[in-house]
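**Student:** The file below is input.tsv, TSV, C-alpha atoms:
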```tsv
chain	number	residue	atom	x	y	z
A	141	MET	CA	60.38	17.07	89.88
A	142	GLN	CA	57.44	18.76	88.19
A	143	VAL	CA	57.68	22.41	87.25
A	144	THR	CA	54.58	23.16	89.36
A	145	ALA	CA	56.61	22.25	92.44
A	146	LEU	CA	59.07	25.02	91.60
A	147	GLU	CA	56.52	27.77	90.98
A	148	GLY	CA	54.27	29.66	93.34
A	149	GLY	CA	56.86	30.83	95.83
A	150	PHE	CA	57.30	34.40	97.05
A	151	GLY	CA	58.16	36.72	94.17
A	152	ASN	CA	60.24	38.93	96.45
A	153	ALA	CA	61.01	36.73	99.43
A	154	PRO	CA	62.29	39.30	101.97
A	155	ILE	CA	59.38	41.71	101.46
A	156	ASP	CA	56.61	39.16	100.97
A	157	SER	CA	57.63	37.06	103.95
A	158	ALA	CA	57.87	40.18	106.14
A	159	HIS	CA	54.30	41.16	105.19
A	160	ALA	CA	53.13	37.59	105.77
A	161	PHE	CA	54.91	37.39	109.11
A	162	ARG	CA	53.21	40.55	110.27
A	163	GLY	CA	49.84	39.09	109.27
A	164	VAL	CA	50.52	35.87	111.18
A	165	MET	CA	51.80	37.80	114.20
A	166	ASN	CA	48.74	40.05	114.33
A	167	ALA	CA	46.43	37.06	113.93
A	168	MET	CA	48.13	35.34	116.88
A	169	ALA	CA	48.21	38.51	118.99
A	170	ARG	CA	44.52	39.25	118.43
A	171	PRO	CA	42.71	35.92	118.39
A	172	GLY	CA	39.53	35.95	116.37
A	173	THR	CA	40.60	38.64	113.89
A	174	ILE	CA	40.77	37.53	110.27
A	175	HIS	CA	43.72	38.56	108.12
A	176	ASP	CA	44.34	38.28	104.40
A	177	LEU	CA	47.60	36.71	103.32
A	178	ALA	CA	49.01	36.76	99.79
A	179	GLY	CA	52.19	36.24	97.83
A	180	ALA	CA	52.31	32.49	97.32
A	181	THR	CA	50.27	30.03	95.26
A	182	PRO	CA	50.77	26.49	96.56
A	183	PRO	CA	49.63	23.48	94.53
A	184	ALA	CA	46.06	22.25	95.22
A	185	PRO	CA	44.62	21.23	97.62
A	186	LEU	CA	46.51	23.56	99.95
A	187	SER	CA	44.95	26.99	100.52
A	188	VAL	CA	46.86	30.17	99.76
A	189	ALA	CA	46.91	31.23	103.42
A	190	ALA	CA	48.28	27.88	104.59
A	191	GLY	CA	50.92	27.99	101.86
A	192	VAL	CA	51.99	31.50	102.84
A	193	VAL	CA	52.24	30.49	106.50
A	194	LEU	CA	54.41	27.49	105.62
A	195	LEU	CA	56.73	29.54	103.42
A	196	THR	CA	57.06	32.19	106.12
A	197	LEU	CA	57.59	30.00	109.19
A	198	CYS	CA	59.13	26.73	108.00
A	199	ASP	CA	62.80	25.97	107.50
A	200	PRO	CA	65.01	22.85	107.66
A	201	ASP	CA	64.66	22.77	111.48
A	202	THR	CA	60.85	22.51	111.57
A	203	PRO	CA	59.38	19.11	110.69
A	204	VAL	CA	55.97	19.35	109.02
A	205	PHE	CA	53.15	16.84	109.34
A	206	LEU	CA	50.79	16.63	106.37
A	207	ALA	CA	47.40	15.09	107.05
A	208	PRO	CA	46.29	12.48	104.48
A	209	SER	CA	44.13	14.89	102.43
A	210	ARG	CA	47.08	17.30	101.99
A	211	ASP	CA	49.79	14.66	101.61
A	212	THR	CA	50.41	14.80	97.85
A	213	GLN	CA	53.72	14.47	96.06
A	214	ALA	CA	53.26	17.86	94.41
A	215	LEU	CA	52.82	19.56	97.77
A	216	ARG	CA	55.76	17.70	99.31
A	217	ASP	CA	57.99	18.79	96.41
A	218	TRP	CA	56.74	22.36	96.71
A	219	ILE	CA	57.46	22.57	100.45
A	220	THR	CA	60.86	20.93	99.98
A	221	PHE	CA	61.93	23.27	97.18
A	222	HIS	CA	60.77	26.47	98.84
A	223	THR	CA	61.52	25.83	102.52
A	224	GLY	CA	63.67	22.70	102.86
A	225	ALA	CA	61.48	21.55	105.77
A	226	PRO	CA	61.52	17.80	106.48
A	227	PHE	CA	58.33	15.73	106.87
A	228	SER	CA	57.48	13.77	110.00
A	229	GLY	CA	54.73	11.98	111.85
A	230	PRO	CA	52.52	13.91	114.29
A	231	ASP	CA	54.72	13.11	117.31
A	232	GLN	CA	57.72	15.02	115.89
A	233	ALA	CA	55.88	17.78	114.05
A	234	VAL	CA	56.45	21.47	114.69
A	235	PHE	CA	53.78	22.38	112.14
A	236	ALA	CA	50.84	20.29	111.01
A	237	VAL	CA	48.53	20.95	108.09
A	238	GLY	CA	45.15	19.39	107.39
A	239	ALA	CA	41.41	19.45	107.78
A	240	TRP	CA	39.99	19.43	111.31
A	241	ASP	CA	38.66	15.85	111.26
A	242	GLU	CA	41.89	14.23	110.19
A	243	LEU	CA	44.34	15.88	112.61
A	244	PRO	CA	45.09	13.48	115.52
A	245	LEU	CA	45.02	16.15	118.26
A	246	THR	CA	46.18	13.84	121.04
A	247	SER	CA	49.29	12.70	119.10
A	248	PHE	CA	50.96	16.10	118.83
A	249	PRO	CA	53.56	17.26	121.38
A	250	ILE	CA	52.18	19.93	123.76
A	251	GLY	CA	55.60	21.02	125.06
A	252	THR	CA	57.19	20.36	128.42
A	253	SER	CA	57.09	22.51	131.55
A	254	GLN	CA	60.73	23.49	130.92
A	255	TYR	CA	60.11	24.17	127.22
A	256	PRO	CA	56.42	24.93	126.61
A	257	ASP	CA	57.37	26.22	123.14
A	258	ARG	CA	58.22	22.70	121.97
A	259	SER	CA	54.66	22.08	120.86
A	260	THR	CA	52.95	21.81	117.51
A	261	THR	CA	51.28	24.66	115.69
A	262	LEU	CA	48.31	23.31	113.76
A	263	ILE	CA	47.24	24.88	110.49
A	264	VAL	CA	43.64	23.83	110.14
A	265	GLU	CA	42.02	24.17	106.73
A	266	LEU	CA	38.35	25.12	107.05
A	267	PRO	CA	35.69	25.27	104.34
A	268	ALA	CA	34.47	28.62	105.74
A	269	LEU	CA	35.92	31.17	108.14
A	270	ASP	CA	34.02	34.14	109.53
A	271	ASN	CA	33.30	36.02	112.74
A	272	THR	CA	30.28	34.05	113.87
A	273	GLY	CA	29.75	31.16	116.24
A	274	ALA	CA	31.94	30.44	119.25
A	275	THR	CA	32.86	33.22	121.67
A	276	LEU	CA	36.54	33.81	122.43
A	277	ARG	CA	37.89	35.53	125.55
A	278	GLY	CA	41.42	36.02	126.80
A	279	PRO	CA	44.65	37.94	126.19
A	280	GLY	CA	44.54	40.09	123.06
A	281	ILE	CA	40.75	40.36	123.04
A	282	ALA	CA	39.14	43.52	124.48
A	283	GLU	CA	35.77	42.04	125.50
A	284	SER	CA	35.03	39.02	123.41
A	285	ALA	CA	35.38	37.95	119.80
A	286	GLN	CA	33.56	35.45	117.65
A	287	LEU	CA	35.00	32.91	115.26
A	288	SER	CA	33.52	30.00	113.32
A	289	LEU	CA	35.40	27.20	115.09
A	290	PRO	CA	34.98	23.60	113.89
A	291	ASP	CA	34.52	22.20	117.41
A	292	LEU	CA	34.47	23.40	121.03
A	293	ALA	CA	35.38	20.61	123.46
A	294	PRO	CA	38.95	19.87	122.23
A	295	LEU	CA	39.76	23.58	122.13
A	296	GLN	CA	38.40	24.13	125.66
A	297	GLY	CA	40.48	21.18	126.84
A	298	ASN	CA	43.55	22.59	125.11
A	299	ALA	CA	43.18	25.93	126.94
A	300	THR	CA	43.16	24.17	130.33
A	301	LEU	CA	46.66	22.74	129.60
A	302	PHE	CA	48.22	26.23	129.74
A	303	PRO	CA	51.19	26.92	129.78
A	304	LEU	CA	51.38	23.76	127.67
A	305	GLY	CA	49.12	23.09	124.73
A	306	LEU	CA	48.71	23.43	120.99
A	307	ASP	CA	48.34	26.63	118.98
A	308	PHE	CA	45.89	26.75	116.11
A	309	MET	CA	45.72	28.70	112.89
A	310	PHE	CA	42.56	28.47	110.84
A	311	THR	CA	42.85	29.06	107.12
A	312	CYS	CA	40.28	29.35	104.36
A	313	GLN	CA	41.54	30.37	100.90
A	314	SER	CA	43.58	33.52	101.57
A	315	ARG	CA	42.13	34.22	105.03
A	316	LEU	CA	43.80	33.41	108.33
A	317	ALA	CA	42.68	33.53	111.96
A	318	ALA	CA	44.49	32.13	114.97
A	319	LEU	CA	43.61	30.62	118.32
A	320	PRO	CA	46.58	30.44	120.69
A	321	ARG	CA	46.48	28.22	123.78
A	322	THR	CA	45.69	31.22	126.01
A	323	THR	CA	42.24	31.83	124.54
A	324	LYS	CA	39.16	30.53	126.33
A	325	VAL	CA	36.35	29.46	124.01
A	326	SER	CA	32.69	29.02	124.87
B	70	MET	CA	79.66	-4.30	88.08
B	71	ASN	CA	77.48	-1.26	87.91
B	72	MET	CA	76.86	-0.44	84.28
B	73	MET	CA	74.31	2.33	84.95
B	74	ILE	CA	74.89	5.35	82.77
B	75	ASP	CA	74.11	8.65	84.44
B	76	PRO	CA	71.78	10.54	82.07
B	77	ASN	CA	72.82	13.83	83.67
B	78	THR	CA	76.54	13.59	82.98
B	79	ASP	CA	76.56	16.42	80.44
B	80	ARG	CA	74.44	18.67	82.59
B	81	LYS	CA	76.63	18.00	85.61
B	82	ALA	CA	79.66	18.96	83.55
B	83	TRP	CA	78.33	22.32	82.43
B	84	MET	CA	76.83	23.15	85.83
B	85	GLY	CA	80.19	22.35	87.42
B	86	LEU	CA	81.96	24.53	84.87
B	87	LEU	CA	79.59	27.45	85.55
B	88	ALA	CA	79.94	26.99	89.31
B	89	LYS	CA	83.70	27.29	89.15
B	90	ALA	CA	84.02	29.90	86.38
B	91	CYS	CA	85.31	33.36	87.15
B	92	ALA	CA	82.41	35.83	87.42
B	93	ALA	CA	84.09	38.46	85.23
B	94	ASP	CA	84.76	35.96	82.43
B	95	LEU	CA	81.22	34.63	82.53
B	96	ALA	CA	79.78	38.16	82.49
B	97	ARG	CA	81.95	39.07	79.48
B	98	TYR	CA	80.96	36.02	77.44
B	99	TRP	CA	77.32	36.40	78.44
B	100	GLU	CA	77.33	40.03	77.34
B	101	ARG	CA	78.95	39.07	74.05
B	102	PHE	CA	76.28	36.39	73.54
B	103	GLY	CA	73.86	39.28	73.80
B	104	ALA	CA	70.45	37.65	74.14
B	105	MET	CA	68.54	38.03	77.41
B	106	PRO	CA	65.81	35.37	77.16
B	107	ASP	CA	62.37	35.94	78.68
B	108	HIS	CA	62.29	34.24	82.04
B	109	VAL	CA	60.61	34.17	85.42
B	110	LEU	CA	62.56	33.75	88.64
B	111	LEU	CA	61.48	30.61	90.47
B	112	ARG	CA	64.00	31.41	93.17
B	113	ALA	CA	65.68	34.77	93.14
B	114	PRO	CA	69.47	34.66	93.62
B	115	GLU	CA	70.22	34.11	97.30
B	116	ILE	CA	73.48	33.75	99.18
B	117	GLY	CA	74.15	30.93	101.62
B	118	GLY	CA	76.79	28.53	102.80
B	119	VAL	CA	77.50	24.87	102.21
B	120	MET	CA	79.79	22.45	104.00
B	121	VAL	CA	82.40	21.05	101.66
B	122	ARG	CA	83.28	17.47	102.49
B	123	GLY	CA	86.19	15.45	101.27
B	124	ARG	CA	87.87	12.07	101.55
B	125	ALA	CA	91.62	11.79	102.05
B	126	GLY	CA	93.00	10.20	98.90
B	127	ALA	CA	89.40	9.80	97.64
B	128	VAL	CA	88.96	6.81	99.97
B	129	GLY	CA	87.94	6.38	103.58
B	130	ALA	CA	85.39	8.26	105.60
B	131	ALA	CA	84.26	11.73	104.55
B	132	PHE	CA	85.41	14.61	106.73
B	133	ASN	CA	84.28	18.24	106.80
B	134	LEU	CA	86.82	20.28	104.89
B	135	GLY	CA	85.26	23.67	105.54
B	136	GLU	CA	82.38	25.94	104.69
B	137	MET	CA	82.18	27.94	101.52
B	138	THR	CA	79.86	30.68	100.32
B	139	VAL	CA	77.55	29.80	97.46
B	140	THR	CA	74.82	31.65	95.62
B	141	ARG	CA	71.89	29.79	94.13
B	142	CYS	CA	69.21	30.71	91.65
B	143	SER	CA	66.42	29.00	89.68
B	144	VAL	CA	64.72	30.34	86.57
B	145	LYS	CA	62.10	29.21	84.10
B	146	LEU	CA	62.23	30.28	80.47
B	147	ALA	CA	59.17	31.20	78.41
B	148	ASP	CA	59.23	27.76	76.73
B	149	GLY	CA	59.18	25.96	80.09
B	150	ALA	CA	62.84	24.94	80.43
B	151	VAL	CA	63.96	25.19	84.06
B	152	GLY	CA	67.51	26.13	84.93
B	153	HIS	CA	69.24	25.88	88.30
B	154	ALA	CA	72.57	27.24	89.42
B	155	TYR	CA	74.71	26.86	92.53
B	156	VAL	CA	77.84	28.96	92.02
B	157	GLN	CA	80.72	29.73	94.33
B	158	GLY	CA	80.98	33.24	95.75
B	159	ARG	CA	78.40	35.92	96.47
B	160	ASP	CA	77.86	37.27	92.96
B	161	LYS	CA	74.10	37.27	92.31
B	162	ASP	CA	74.50	38.26	88.65
B	163	LYS	CA	76.73	35.27	88.08
B	164	ALA	CA	74.16	32.94	89.67
B	165	LEU	CA	71.42	34.34	87.46
B	166	GLN	CA	73.54	34.04	84.30
B	167	ALA	CA	74.52	30.48	85.21
B	168	ALA	CA	70.88	29.51	85.77
B	169	LEU	CA	69.86	31.06	82.44
B	170	ILE	CA	72.67	29.21	80.65
B	171	ASP	CA	71.62	25.95	82.31
B	172	ALA	CA	68.07	26.51	81.06
B	173	LEU	CA	69.20	27.52	77.56
B	174	MET	CA	71.39	24.42	77.31
B	175	GLN	CA	68.17	22.38	77.41
B	176	THR	CA	66.71	24.24	74.43
B	177	ALA	CA	67.59	24.57	70.76
B	178	ALA	CA	70.08	27.32	71.63
B	179	ALA	CA	72.42	24.74	73.20
B	180	PRO	CA	75.02	24.55	70.36
B	181	GLN	CA	75.36	28.34	70.28
B	182	ILE	CA	75.77	28.56	74.06
B	183	GLU	CA	78.26	25.72	73.97
B	184	ALA	CA	80.36	27.39	71.27
B	185	ARG	CA	80.19	30.99	72.45
B	186	ILE	CA	80.16	30.70	76.25
B	187	LEU	CA	81.03	27.26	77.58
B	188	ALA	CA	83.94	26.45	75.25
B	189	PRO	CA	85.75	29.78	75.88
B	190	LEU	CA	85.13	29.38	79.63
B	191	ARG	CA	86.56	25.89	79.54
B	192	ASP	CA	89.63	27.17	77.67
B	193	THR	CA	90.12	30.01	80.15
B	194	ILE	CA	89.93	27.68	83.12
B	195	ALA	CA	92.31	25.21	81.46
B	196	ALA	CA	94.78	28.03	80.71
B	197	VAL	CA	94.67	29.31	84.31
B	198	LYS	CA	95.17	25.79	85.58
B	199	ALA	CA	98.11	25.17	83.22
B	200	THR	CA	99.76	28.48	84.21
B	201	ARG	CA	99.44	27.70	87.87
B	202	ALA	CA	100.74	24.14	87.37
B	203	ALA	CA	103.72	25.48	85.39
B	204	LYS	CA	104.52	27.99	88.15
B	205	ALA	CA	104.34	25.27	90.74
B	206	ALA	CA	106.47	22.94	88.60
B	207	ALA	CA	109.16	25.63	88.31
B	208	THR	CA	109.63	25.55	92.08
B	209	LYS	CA	110.03	21.80	92.20
B	210	VAL	CA	113.26	20.64	93.82
B	211	GLU	CA	114.87	17.44	92.59
B	212	PHE	CA	116.77	15.57	95.23
B	213	PHE	CA	119.38	13.09	94.20
B	214	THR	CA	122.08	11.18	96.00
B	215	MET	CA	125.66	11.10	94.76
B	216	MET	CA	126.62	8.06	96.70
B	217	ARG	CA	124.57	6.10	99.14
B	218	GLY	CA	127.52	4.46	100.81
B	219	GLU	CA	125.88	1.09	100.69
B	220	ASP	CA	128.68	-0.69	98.96
```
Before anything else, please render the file you have as structure tokens.
**Tutor:**
Amino acid sequence: MQVTALEGGFGNAPIDSAHAFRGVMNAMARPGTIHDLAGATPPAPLSVAAGVVLLTLCDPDTPVFLAPSRDTQALRDWITFHTGAPFSGPDQAVFAVGAWDELPLTSFPIGTSQYPDRSTTLIVELPALDNTGATLRGPGIAESAQLSLPDLAPLQGNATLFPLGLDFMFTCQSRLAALPRTTKVS
Amino acid sequence: MNMMIDPNTDRKAWMGLLAKACAADLARYWERFGAMPDHVLLRAPEIGGVMVRGRAGAVGAAFNLGEMTVTRCSVKLADGAVGHAYVQGRDKDKALQAALIDALMQTAAAPQIEARILAPLRDTIAAVKATRAAKAAATKVEFFTMMRGED
């Protein structure tokens, strides 16, 4: 195992992961707001924000799906050393990481009516993330919010599945925004 | 016949020794050694549990013997050597010292560490083991039969 796989974790895990968790929680609670995450430096090509989210939320019970562009040995070693999370295909994944084009949206579990929480949370790596573009409405948004989403139709379709559906986190370098299944996009 | 030689035999031996060593002994020898090398914590000492498994008579199917508390730690020295430690108990200082010793054993300081920390630890453990074995031996009861009445 390369030394790079061992480095880049939280310096002070309890404190750093608590800060990161609060950032993720606020991003989910207020869709469209952009939050800065810090504390971890994952190996390229993973962004800092995506790495922090994985370190904060993953453990040996949460299979992770890595899309082809993020599926490197260095990243696998890094996730294994720091979280112990196993790797899986999209049909078993609790978390999925990758660029928008390469995530097979129809292959991920969307939960069941008894257990709507048994769905995948997608961490989508974007080249740019800012408050322009698509309009978001729904719980957690006062009037409306704007976010530079990669596409509209799949996200509109996802919202109609409620209470089932996928949850999305969009990351770009150290910035994070989220789009839960409750948010209507237009 | 499998003639593979495990390249990690030595490292396994000293990591096993450090895992089982008494925390107070290790702290004393480490203090006497004196040098605190520059290092960064890859994984700060953290306490957890592992399931210990065993095989009756070292054969047959493995069964779960019980859980035990372990503390683990990983460090990297300034020269790049990486040390890991999984030690029994909840003593974080012991885990850190064990990880540092594991890292130092991969550097030029290895003979010194071996002579001033590992060898005394090994002797201490052997002495404790011998004392306990002697105490147990003293309670041994020899049964013998005067006459078996067979003939």
**Student:** With a distance threshold of 8 Å and counting only C-alpha atoms, extract the residues of chain B near chain A and express them as a PyMOL selection string.
**Tutor:** chain B and resi 110-113+151
**Student:** What gap, in Å, lies between atom CA of A:Met168 and atom CA of A:Pro154?
**Tutor:**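 Between atom CA of A:Met168 and atom CA of A:Pro154 the gap works out to 20.9 Å.
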**Student:** Separation of atom CA of A:Pro294 and atom CA of A:Ile250, in Å?
**Tutor:**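 These two atoms are separated by 13.3 Å.
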**Student:** For A:Ser157, list every protein, DNA or RNA residue within 9 Å, evaluated using only C-alpha atoms, and leave out those in the same chain fewer than 2 positions away; present the list as an NGL selection string.
**Tutor:** :A and (150 or 152-155 or 159-162 or 179 or 192-193 or 195-197)
**Student:** Assuming 4 Å of padding per side, give the centre and edge lengths of the axis-aligned box around every listed atom of stretch 162-180 of chain A, in Å to one decimal and as lines of an AutoDock Vina configuration file.
**Tutor:**
```
center_x = 46.4
center_y = 36.5
center_z = 108.2
size_x = 21.7
size_y = 16.1
size_z = 29.7
```
**Student:** Do you have the atom CA of B:Val121-atom CA of B:Met137 distance handy?
**Tutor:** 6.9 Å
**Student:** Residues around (62.5, 19.0, 108.4), cut-off 8 Å, counting all atoms listed in the file - what are they as an MDAnalysis selection string?
**Tutor:** chainID A and resid 199:204 224:228
**Student:** Give the answer as one residue: which of B:Met73, B:Ala205, B:Ala96, B:Ile116 has the shortest atom-to-atom distance to B:Ile186, using all atoms listed in the file?
**Tutor:**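 So, comparing all the options, the nearest one is B:Ala96.
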**Student:** Any idea what's packed within 12 Å of A:Ser209, counting all atoms listed in the file, ignoring anything in its chain fewer than 6 positions away? Could you give it as a list in words?
**Tutor:**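 Selected residues are Ala184, Pro185, Leu186, Leu215, Val237, Gly238, Ala239, Trp240, Asp241, Glu242, Leu243, Val264 and Glu265 of chain A.
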**Student:** Measuring atom to atom with all atoms listed in the file, identify which of B:Ile182, B:Ala206, B:Val119, B:Val156 is nearest to B:Cys142.
**Tutor:**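 Among B:Ile182, B:Ala206, B:Val119, B:Val156, it is B:Val156 that comes nearest to B:Cys142.
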**Student:** Counting only C-alpha atoms, which residues come within 9 Å of (85.2, 19.3, 103.6), with the point read in the file's coordinates, and could you list them as a list in words?
**Tutor:**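 Final list of nearby residues, as requested, is Met120, Val121, Arg122, Gly123, Arg124, Ala131, Phe132, Asn133, Leu134, Gly135 and Glu136 of chain B.
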**Student:** For B:Arg159, please output as JSON, numbers by chain all residues within 12 Å (counting only C-alpha atoms; exclusion window: fewer than 5 positions along the same chain).
**Tutor:** {"B": [88, 91, 92, 114, 115, 116, 117, 118, 137, 138, 139, 140, 141, 142, 164, 165]}
